[in-house]
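Let me begin by presenting the structure, written as structure tokens, before commenting on it.
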Amino acid sequence: QVQLVESGGGLVQAGGSLRLSCEASGRGFSSYSMGWFRQAPGKEREFVAAISSGGAYKAYADSVKGRFTIARDNAKNTMYLQMNSLKPEDTAVYYCARDISSLVWRGMSQSSQRTYGSWGQGTQVTVSS
């Protein structure tokens, strides 16, 4: 059973930056596509970004394209989300997740929550105006 632990959230002013990390326990991290999702108060959880097992392929929600960058370091069992030019509407709890299947890249279908079988507890990101 994999455990995913997010960190790096916090309070930042609009226009600022944060880098989130997602550390995975157990074996096999490098075999799975991973994703970031977020949930704002009163809203449904939504897709942010995804990355293939080796890091060659990435997908982003339109709302974060050009501002956020997803990356991973398989040697450290860790995935990252670099968030720049943050806006108040980016305020949410951010979750990382692992694909249900190994060695699969689904393209923009990685945006579906049903693709993921393991989730972290989330880290709060608050952007003040």
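For the structure tokens, the naming scheme is as follows: chains receive sequential letters (A, B, ...) according to their order of presentation, residues are indexed from 1 within each chain, and ligands are indexed from 1 in presentation order.
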
Within segment 12-129 of chain A, find each residue whose DSSP state, derived from the backbone, is helix (DSSP H, G or I), and express the selection as a PDB file with N, CA and C atoms, in the first residue's frame.
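result_11.pdb was written with the following content:
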ATOM      1  N   PHE A  29       7.333   3.662  -7.201  1.00  0.00           N
ATOM      2  CA  PHE A  29       6.942   5.042  -7.534  1.00  0.00           C
ATOM      3  C   PHE A  29       7.228   5.363  -8.997  1.00  0.00           C
ATOM      4  N   SER A  30       8.380   4.950  -9.468  1.00  0.00           N
ATOM      5  CA  SER A  30       8.812   5.317 -10.821  1.00  0.00           C
ATOM      6  C   SER A  30       7.999   4.642 -11.912  1.00  0.00           C
ATOM      7  N   SER A  31       7.121   3.730 -11.568  1.00  0.00           N
ATOM      8  CA  SER A  31       6.321   3.017 -12.562  1.00  0.00           C
ATOM      9  C   SER A  31       4.948   3.623 -12.801  1.00  0.00           C
ATOM     10  N   ASN A  74      12.373  10.515  -9.479  1.00  0.00           N
ATOM     11  CA  ASN A  74      12.095   9.120  -9.130  1.00  0.00           C
ATOM     12  C   ASN A  74      13.127   8.545  -8.157  1.00  0.00           C
ATOM     13  N   ALA A  75      14.317   9.096  -8.152  1.00  0.00           N
ATOM     14  CA  ALA A  75      15.334   8.634  -7.204  1.00  0.00           C
ATOM     15  C   ALA A  75      14.948   8.993  -5.769  1.00  0.00           C
ATOM     16  N   LYS A  76      14.125  10.038  -5.632  1.00  0.00           N
ATOM     17  CA  LYS A  76      13.698  10.485  -4.298  1.00  0.00           C
ATOM     18  C   LYS A  76      12.249  10.129  -4.003  1.00  0.00           C
ATOM     19  N   PRO A  88      -5.530  34.592  -6.129  1.00  0.00           N
ATOM     20  CA  PRO A  88      -6.445  34.203  -5.033  1.00  0.00           C
ATOM     21  C   PRO A  88      -7.305  32.981  -5.394  1.00  0.00           C
ATOM     22  N   GLU A  89      -7.652  32.847  -6.651  1.00  0.00           N
ATOM     23  CA  GLU A  89      -8.479  31.705  -7.056  1.00  0.00           C
ATOM     24  C   GLU A  89      -7.719  30.382  -7.048  1.00  0.00           C
ATOM     25  N   ASP A  90      -6.422  30.415  -6.807  1.00  0.00           N
ATOM     26  CA  ASP A  90      -5.644  29.185  -6.636  1.00  0.00           C
ATOM     27  C   ASP A  90      -5.761  28.647  -5.207  1.00  0.00           C
ATOM     28  N   GLY A 107      -2.731  10.582 -21.427  1.00  0.00           N
ATOM     29  CA  GLY A 107      -2.902  11.904 -21.995  1.00  0.00           C
ATOM     30  C   GLY A 107      -3.818  12.746 -21.132  1.00  0.00           C
ATOM     31  N   MET A 108      -4.688  13.511 -21.737  1.00  0.00           N
ATOM     32  CA  MET A 108      -5.568  14.382 -20.969  1.00  0.00           C
ATOM     33  C   MET A 108      -6.599  13.597 -20.158  1.00  0.00           C
ATOM     34  N   SER A 109      -6.727  12.294 -20.403  1.00  0.00           N
ATOM     35  CA  SER A 109      -7.595  11.476 -19.548  1.00  0.00           C
ATOM     36  C   SER A 109      -7.023  11.329 -18.149  1.00  0.00           C
ATOM     37  N   GLN A 110      -5.763  11.736 -17.973  1.00  0.00           N
ATOM     38  CA  GLN A 110      -5.189  11.762 -16.623  1.00  0.00           C
ATOM     39  C   GLN A 110      -5.918  12.804 -15.761  1.00  0.00           C
ATOM     40  N   SER A 111      -6.731  13.626 -16.361  1.00  0.00           N
ATOM     41  CA  SER A 111      -7.471  14.628 -15.598  1.00  0.00           C
ATOM     42  C   SER A 111      -8.653  14.027 -14.845  1.00  0.00           C
ATOM     43  N   GLN A 113     -10.469  11.893 -12.082  1.00  0.00           N
ATOM     44  CA  GLN A 113     -10.130  11.392 -10.743  1.00  0.00           C
ATOM     45  C   GLN A 113     -10.233   9.877 -10.675  1.00  0.00           C
ATOM     46  N   ARG A 114     -11.049   9.291 -11.544  1.00  0.00           N
ATOM     47  CA  ARG A 114     -11.214   7.836 -11.534  1.00  0.00           C
ATOM     48  C   ARG A 114      -9.949   7.113 -11.984  1.00  0.00           C
ATOM     49  N   THR A 115      -9.024   7.858 -12.567  1.00  0.00           N
ATOM     50  CA  THR A 115      -7.752   7.293 -12.990  1.00  0.00           C
ATOM     51  C   THR A 115      -6.851   6.946 -11.813  1.00  0.00           C
TER      52      THR A 115
END

**Request:** Write down as number ranges by chain the residues belonging to segment 35-97 of chain A that are assigned strand (DSSP E) by DSSP computed on the backbone.
**Result:** A: 35-39, 46-51, 58-60, 68-73, 78-83, 92-97

How would the residues just picked look written out with N, CA and C atoms as an mmCIF file, in the first residue's frame?
data_model
loop_
_atom_site.group_PDB
_atom_site.id
_atom_site.type_symbol
_atom_site.label_atom_id
_atom_site.label_comp_id
_atom_site.auth_asym_id
_atom_site.auth_seq_id
_atom_site.Cartn_x
_atom_site.Cartn_y
_atom_site.Cartn_z
ATOM 1 N N GLY A 35 -0.528 12.583 -10.312
ATOM 2 C CA GLY A 35 -1.288 13.797 -10.594
ATOM 3 C C GLY A 35 -1.448 14.690 -9.382
ATOM 4 N N TRP A 36 -1.751 15.951 -9.659
ATOM 5 C CA TRP A 36 -2.130 16.929 -8.634
ATOM 6 C C TRP A 36 -3.564 17.359 -8.886
ATOM 7 N N PHE A 37 -4.323 17.443 -7.827
ATOM 8 C CA PHE A 37 -5.690 17.939 -7.857
ATOM 9 C C PHE A 37 -5.833 18.990 -6.759
ATOM 10 N N ARG A 38 -6.895 19.756 -6.828
ATOM 11 C CA ARG A 38 -7.149 20.727 -5.764
ATOM 12 C C ARG A 38 -8.644 20.866 -5.519
ATOM 13 N N GLN A 39 -8.966 21.274 -4.296
ATOM 14 C CA GLN A 39 -10.362 21.484 -3.931
ATOM 15 C C GLN A 39 -10.477 22.761 -3.132
ATOM 16 N N GLU A 46 -10.774 19.379 -8.420
ATOM 17 C CA GLU A 46 -10.490 19.535 -9.843
ATOM 18 C C GLU A 46 -9.046 19.188 -10.166
ATOM 19 N N PHE A 47 -8.842 18.801 -11.397
ATOM 20 C CA PHE A 47 -7.519 18.432 -11.905
ATOM 21 C C PHE A 47 -6.643 19.665 -12.027
ATOM 22 N N VAL A 48 -5.356 19.497 -11.695
ATOM 23 C CA VAL A 48 -4.374 20.570 -11.857
ATOM 24 C C VAL A 48 -3.316 20.170 -12.888
ATOM 25 N N ALA A 49 -2.655 19.034 -12.645
ATOM 26 C CA ALA A 49 -1.573 18.617 -13.531
ATOM 27 C C ALA A 49 -1.296 17.138 -13.330
ATOM 28 N N ALA A 50 -0.665 16.530 -14.351
ATOM 29 C CA ALA A 50 -0.281 15.129 -14.263
ATOM 30 C C ALA A 50 1.046 14.934 -14.970
ATOM 31 N N ILE A 51 1.749 13.868 -14.586
ATOM 32 C CA ILE A 51 3.043 13.578 -15.167
ATOM 33 C C ILE A 51 3.187 12.068 -15.335
ATOM 34 N N LYS A 58 3.484 15.403 -19.765
ATOM 35 C CA LYS A 58 2.817 16.206 -18.741
ATOM 36 C C LYS A 58 1.505 16.734 -19.295
ATOM 37 N N ALA A 59 0.584 16.964 -18.399
ATOM 38 C CA ALA A 59 -0.698 17.551 -18.782
ATOM 39 C C ALA A 59 -1.079 18.574 -17.730
ATOM 40 N N TYR A 60 -1.730 19.656 -18.171
ATOM 41 C CA TYR A 60 -2.111 20.730 -17.262
ATOM 42 C C TYR A 60 -3.542 21.173 -17.511
ATOM 43 N N PHE A 68 2.070 26.998 -13.600
ATOM 44 C CA PHE A 68 2.467 25.856 -12.767
ATOM 45 C C PHE A 68 3.322 24.894 -13.592
ATOM 46 N N THR A 69 4.255 24.228 -12.916
ATOM 47 C CA THR A 69 5.097 23.221 -13.555
ATOM 48 C C THR A 69 5.137 21.982 -12.673
ATOM 49 N N ILE A 70 4.821 20.835 -13.270
ATOM 50 C CA ILE A 70 4.876 19.571 -12.559
ATOM 51 C C ILE A 70 6.196 18.886 -12.895
ATOM 52 N N ALA A 71 6.771 18.226 -11.898
ATOM 53 C CA ALA A 71 8.041 17.524 -12.100
ATOM 54 C C ALA A 71 8.105 16.362 -11.118
ATOM 55 N N ARG A 72 9.068 15.480 -11.327
ATOM 56 C CA ARG A 72 9.252 14.374 -10.400
ATOM 57 C C ARG A 72 10.718 13.993 -10.358
ATOM 58 N N ASP A 73 11.113 13.427 -9.216
ATOM 59 C CA ASP A 73 12.453 12.887 -9.033
ATOM 60 C C ASP A 73 12.263 11.453 -8.561
ATOM 61 N N THR A 78 9.619 11.335 -5.185
ATOM 62 C CA THR A 78 8.949 12.610 -4.900
ATOM 63 C C THR A 78 8.483 13.286 -6.186
ATOM 64 N N MET A 79 7.305 13.856 -6.114
ATOM 65 C CA MET A 79 6.753 14.665 -7.198
ATOM 66 C C MET A 79 6.617 16.093 -6.692
ATOM 67 N N TYR A 80 6.699 17.039 -7.615
ATOM 68 C CA TYR A 80 6.657 18.453 -7.235
ATOM 69 C C TYR A 80 5.616 19.205 -8.062
ATOM 70 N N LEU A 81 5.171 20.314 -7.512
ATOM 71 C CA LEU A 81 4.358 21.253 -8.265
ATOM 72 C C LEU A 81 4.882 22.653 -7.961
ATOM 73 N N GLN A 82 5.565 23.238 -8.933
ATOM 74 C CA GLN A 82 6.046 24.608 -8.800
ATOM 75 C C GLN A 82 4.928 25.544 -9.246
ATOM 76 N N MET A 83 4.504 26.414 -8.355
ATOM 77 C CA MET A 83 3.388 27.304 -8.633
ATOM 78 C C MET A 83 3.880 28.748 -8.609
ATOM 79 N N ALA A 92 -6.807 26.649 -2.261
ATOM 80 C CA ALA A 92 -7.440 25.333 -2.216
ATOM 81 C C ALA A 92 -6.571 24.392 -1.388
ATOM 82 N N VAL A 93 -7.138 23.237 -1.100
ATOM 83 C CA VAL A 93 -6.331 22.134 -0.596
ATOM 84 C C VAL A 93 -5.830 21.368 -1.817
ATOM 85 N N TYR A 94 -4.538 21.136 -1.861
ATOM 86 C CA TYR A 94 -3.917 20.451 -2.997
ATOM 87 C C TYR A 94 -3.588 19.012 -2.611
ATOM 88 N N TYR A 95 -3.995 18.096 -3.487
ATOM 89 C CA TYR A 95 -3.800 16.669 -3.257
ATOM 90 C C TYR A 95 -2.932 16.071 -4.349
ATOM 91 N N CYS A 96 -2.077 15.125 -3.962
ATOM 92 C CA CYS A 96 -1.389 14.343 -4.981
ATOM 93 C C CYS A 96 -2.034 12.955 -5.033
ATOM 94 N N ALA A 97 -1.878 12.317 -6.174
ATOM 95 C CA ALA A 97 -2.532 11.031 -6.383
ATOM 96 C C ALA A 97 -1.695 10.168 -7.320
#

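Among A:Val104, A:Ala14, A:Val125, A:Trp119, the residue with the shortest atom-to-atom distance to Tyr32 of chain A, counting only C-alpha atoms, is A:Val104.
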